[in-house]
Amino acid sequence: MLNYLNGELYKVFRRSYTWITLGVVLALEALLVAGWAFTNANGNTVDFYTGAGMLTMMLSVGFYATLFTGDMVFAGQYKFGTMKNEVSFGIPRSRIYLGKLLAETILALLACVVMLGFYLALCWIFLLHNPETDAAVFPILRYCLTAALPLWLGCQALSCLCFFLFKSDIAATFACVGVVIVVPTALDLFSLLFEGPVGTVLRQIYNLWPTTLLGQASKVAGDPSLLLTALAVGAVWLVGFTALGLWRFSRREIH
C-alpha cells in the first residue's frame with residue numbers, strides 16, 4: 001500500500017493541473033486581500049478580524065474542492081484506459097481504491113494548510129489590527145475548522161466514490177454536487193411540504209447534512225455538541241462511502 005500511495009502522490013505532484021489550480025486559488029486570495037488593503041488606503045477600515053472572519057463564510061468551498069482533488073488523483077483513468085492496466089497488472093482493487101482515497105485526502109489536507117496559511121498571513125500583514133478583536137477571531141476560526149475537517153473528509157470519500165462509480169468525469173462531478181447540494185435543498189423543501197412524522201424525519205436528516213452543519217458552525221462557536229455531531233456525521237460519510245466504493249469497485253467490469 002505504501003508503495004502504491006507514494007506512486008499516486010508522485011504522479012499528482014508532477015501534474016501541472018495540481019500546481020496551476022493551487023496558483024489560481026492563491027492569486028485570488030491575494031487579489032481579495034489587495035482589494036481590502038487598497039480600500040483601507042483610501043479611508044476604509046477592513047481589519048484582520050473581518051478578513052480572517054470571512055473564512056467562516058467560505059468554508060463551504062471545501063466541499064467543492066474535494067472534486068478537484070479527486071479529479072487530480074483519479075486523472076481520468078477510465079477515459080484513458082489506465083485503470084485496466086492497473087487491474088491487469090494484478091494490483092488488488094482494494095489497494096487501488098484506498099490508495100487513491102488516501103492520496104486525495106493527503107493532497108486535500110496539504111492544499112488546505114497552504115491556502116489557509118497563505119490567506120491568513122496576507123490578512124495579518126496587510127490589514128488593520130486591533131488586539132482585542134485579533135485575539136477573539138482565532139477561537140472562532142479554530143472551532144469552525146475543527147467542525148469542517150471531518151465533514152470535508154466525508155465529502156472526499158463521496159468524491160472518490162463518484163469518480164470510481166462513473167466512467168464519465170462530468171457525470172461523477174454532477175453526482176457529487178447533487179448529493180452535497182441538491183439533496184439537502186430537496187430535503188429542506190419537502191420537510192416544509194410534508195407535515196407530521198415524515199416532515200420531522202426529513203428536517204432531522206437535513207439538519208445533519210454536512211452543508212447544514214457547517215453553515216451553523218460560526219453561529220454556535222464554542223458549542224461542543226455541534227463538533228461531536230460533525231465528527232460523527234463525517235465519520236459515517238467517510239466509512240459509509242468508502243465501504244460502498246470498495247464493494248462496487250470490486251464487482252465492476254473494467255474495459
# chains A, B, ... in the order shown; residues from 1 in each chain; ligands from 1
call {"tool": "residues_around", "arguments": {"residues": "stretch 10-19 of chain A", "least_positions_apart": "2", "cutoff": "9 Å", "atoms": "only C-alpha atoms", "output": "mmCIF file with C-alpha atoms, in the first residue's frame"}}
result
data_model
loop_
_atom_site.group_PDB
_atom_site.id
_atom_site.type_symbol
_atom_site.label_atom_id
_atom_site.label_comp_id
_atom_site.auth_asym_id
_atom_site.auth_seq_id
_atom_site.Cartn_x
_atom_site.Cartn_y
_atom_site.Cartn_z
ATOM 1 C CA LEU A 5 0.393 5.574 -2.245
ATOM 2 C CA ASN A 6 3.842 7.007 -2.921
ATOM 3 C CA GLY A 7 3.309 6.404 -6.619
ATOM 4 C CA GLU A 8 -0.048 8.200 -6.602
ATOM 5 C CA THR A 21 -5.098 25.140 -9.591
ATOM 6 C CA LEU A 22 -3.197 25.972 -6.417
ATOM 7 C CA GLY A 23 -1.657 29.037 -8.051
ATOM 8 C CA VAL A 24 -5.040 30.324 -9.226
ATOM 9 C CA PHE A 68 -10.676 18.960 -7.730
ATOM 10 C CA THR A 69 -8.512 16.778 -5.500
ATOM 11 C CA MET A 72 -6.357 15.326 -9.809
ATOM 12 C CA VAL A 73 -5.640 11.909 -8.333
ATOM 13 C CA ALA A 75 -6.842 11.573 -13.562
ATOM 14 C CA ALA A 103 -3.715 10.284 -1.873
ATOM 15 C CA LEU A 107 -3.433 16.271 -1.165
#
call {"tool": "residues_around", "arguments": {"residues": "A:Ala172", "least_positions_apart": "4", "cutoff": "12 Å", "atoms": "only C-alpha atoms", "output": "list in words"}}
result
Thr66, Leu67, Phe68, Gly70, Asp71, Phe74, Gly76, Tyr78, Leu158, Ser159, Cys160, Leu161, Cys162, Phe163, Phe164, Leu165, Phe166, Lys167, Ser168, Cys176, Val177, Gly178 and Val179 of chain A
call {"tool": "write_last_selection", "arguments": {"atoms": "N, CA and C atoms", "output": "mmCIF file, in the first residue's frame"}}
result
data_model
loop_
_atom_site.group_PDB
_atom_site.id
_atom_site.type_symbol
_atom_site.label_atom_id
_atom_site.label_comp_id
_atom_site.auth_asym_id
_atom_site.auth_seq_id
_atom_site.Cartn_x
_atom_site.Cartn_y
_atom_site.Cartn_z
ATOM 1 N N THR A 66 -13.117 19.141 -2.921
ATOM 2 C CA THR A 66 -12.907 17.692 -2.962
ATOM 3 C C THR A 66 -13.052 17.139 -4.376
ATOM 4 N N LEU A 67 -13.826 17.818 -5.211
ATOM 5 C CA LEU A 67 -13.950 17.402 -6.608
ATOM 6 C C LEU A 67 -12.629 17.592 -7.352
ATOM 7 N N PHE A 68 -11.952 18.697 -7.068
ATOM 8 C CA PHE A 68 -10.676 18.960 -7.730
ATOM 9 C C PHE A 68 -9.614 17.960 -7.278
ATOM 10 N N GLY A 70 -10.111 15.015 -6.026
ATOM 11 C CA GLY A 70 -10.484 13.709 -6.550
ATOM 12 C C GLY A 70 -10.113 13.560 -8.016
ATOM 13 N N ASP A 71 -10.376 14.602 -8.789
ATOM 14 C CA ASP A 71 -10.063 14.577 -10.220
ATOM 15 C C ASP A 71 -8.558 14.554 -10.463
ATOM 16 N N PHE A 74 -7.486 10.863 -9.524
ATOM 17 C CA PHE A 74 -8.077 9.837 -10.397
ATOM 18 C C PHE A 74 -7.612 10.004 -11.838
ATOM 19 N N GLY A 76 -8.805 10.780 -14.777
ATOM 20 C CA GLY A 76 -9.497 10.222 -15.937
ATOM 21 C C GLY A 76 -9.067 8.819 -16.313
ATOM 22 N N TYR A 78 -10.591 5.941 -16.362
ATOM 23 C CA TYR A 78 -11.479 5.202 -17.260
ATOM 24 C C TYR A 78 -11.356 5.733 -18.684
ATOM 25 N N LEU A 158 -16.975 10.676 -0.637
ATOM 26 C CA LEU A 158 -18.045 10.708 -1.639
ATOM 27 C C LEU A 158 -17.482 11.011 -3.021
ATOM 28 N N SER A 159 -16.587 11.987 -3.100
ATOM 29 C CA SER A 159 -15.971 12.347 -4.369
ATOM 30 C C SER A 159 -15.220 11.161 -4.970
ATOM 31 N N CYS A 160 -14.461 10.460 -4.145
ATOM 32 C CA CYS A 160 -13.709 9.288 -4.602
ATOM 33 C C CYS A 160 -14.668 8.224 -5.135
ATOM 34 N N LEU A 161 -15.756 7.990 -4.415
ATOM 35 C CA LEU A 161 -16.753 7.026 -4.854
ATOM 36 C C LEU A 161 -17.310 7.390 -6.224
ATOM 37 N N CYS A 162 -17.645 8.646 -6.415
ATOM 38 C CA CYS A 162 -18.253 9.078 -7.675
ATOM 39 C C CYS A 162 -17.303 8.886 -8.852
ATOM 40 N N PHE A 163 -16.027 9.193 -8.668
ATOM 41 C CA PHE A 163 -15.073 9.024 -9.764
ATOM 42 C C PHE A 163 -14.850 7.551 -10.100
ATOM 43 N N PHE A 164 -14.934 6.675 -9.097
ATOM 44 C CA PHE A 164 -14.817 5.251 -9.360
ATOM 45 C C PHE A 164 -16.107 4.675 -9.941
ATOM 46 N N LEU A 165 -17.228 5.269 -9.567
ATOM 47 C CA LEU A 165 -18.531 4.711 -9.943
ATOM 48 C C LEU A 165 -18.916 5.045 -11.377
ATOM 49 N N PHE A 166 -18.578 6.264 -11.836
ATOM 50 C CA PHE A 166 -18.985 6.722 -13.156
ATOM 51 C C PHE A 166 -17.789 6.751 -14.105
ATOM 52 N N LYS A 167 -18.017 6.303 -15.331
ATOM 53 C CA LYS A 167 -16.942 6.346 -16.328
ATOM 54 C C LYS A 167 -16.690 7.773 -16.799
ATOM 55 N N SER A 168 -17.706 8.605 -16.761
ATOM 56 C CA SER A 168 -17.572 9.994 -17.184
ATOM 57 C C SER A 168 -17.221 10.871 -15.985
ATOM 58 N N CYS A 176 -21.718 14.041 -7.438
ATOM 59 C CA CYS A 176 -21.198 14.509 -6.153
ATOM 60 C C CYS A 176 -21.859 15.822 -5.735
ATOM 61 N N VAL A 177 -21.958 16.757 -6.671
ATOM 62 C CA VAL A 177 -22.605 18.037 -6.376
ATOM 63 C C VAL A 177 -24.069 17.814 -6.018
ATOM 64 N N GLY A 178 -24.704 16.869 -6.710
ATOM 65 C CA GLY A 178 -26.102 16.582 -6.414
ATOM 66 C C GLY A 178 -26.311 16.109 -4.989
ATOM 67 N N VAL A 179 -25.433 15.211 -4.532
ATOM 68 C CA VAL A 179 -25.563 14.699 -3.159
ATOM 69 C C VAL A 179 -25.292 15.799 -2.142
#
call {"tool": "residues_around", "arguments": {"residues": "A:Leu149", "least_positions_apart": "5", "cutoff": "10 Å", "atoms": "only C-alpha atoms", "output": "list of chain:residue names"}}
result
A:Leu59, A:Gly62, A:Leu109, A:Cys112, A:Cys144, A:Gly154, A:Cys155, A:Leu214, A:Ala230, A:Leu231, A:Gly234
call {"tool": "residues_around", "arguments": {"residues": "A:Leu213", "least_positions_apart": "5", "cutoff": "10 Å", "atoms": "only C-alpha atoms", "output": "list in words"}}
result
Ala147, Ala148, Leu151, Tyr206, Asn207, Leu208, Ser218, Leu226, Leu227, Thr229, Ala230 and Val233 of chain A
call {"tool": "select_by_dssp", "arguments": {"residues": "stretch 91-215 of chain A", "states": "alpha helix (DSSP H)", "output": "PyMOL selection string"}}
result
chain A and resi 93-126+131-165+169-177+183-193+197-207+210-215
call {"tool": "closest_residue", "arguments": {"among": "A:Tyr143, A:Phe138, A:Trp247, A:Phe241", "to": "A:Gly53", "atoms": "only C-alpha atoms"}}
result
A:Phe138
call {"tool": "closest_residue", "arguments": {"among": "A:Ile106, A:Val182, A:Ala41, A:Leu122", "to": "A:Glu29", "atoms": "only C-alpha atoms"}}
result
A:Leu122
call {"tool": "closest_residue", "arguments": {"among": "A:Gly51, A:Phe38, A:Ser94, A:Glu86", "to": "A:Ser250", "atoms": "only C-alpha atoms"}}
result
A:Ser94
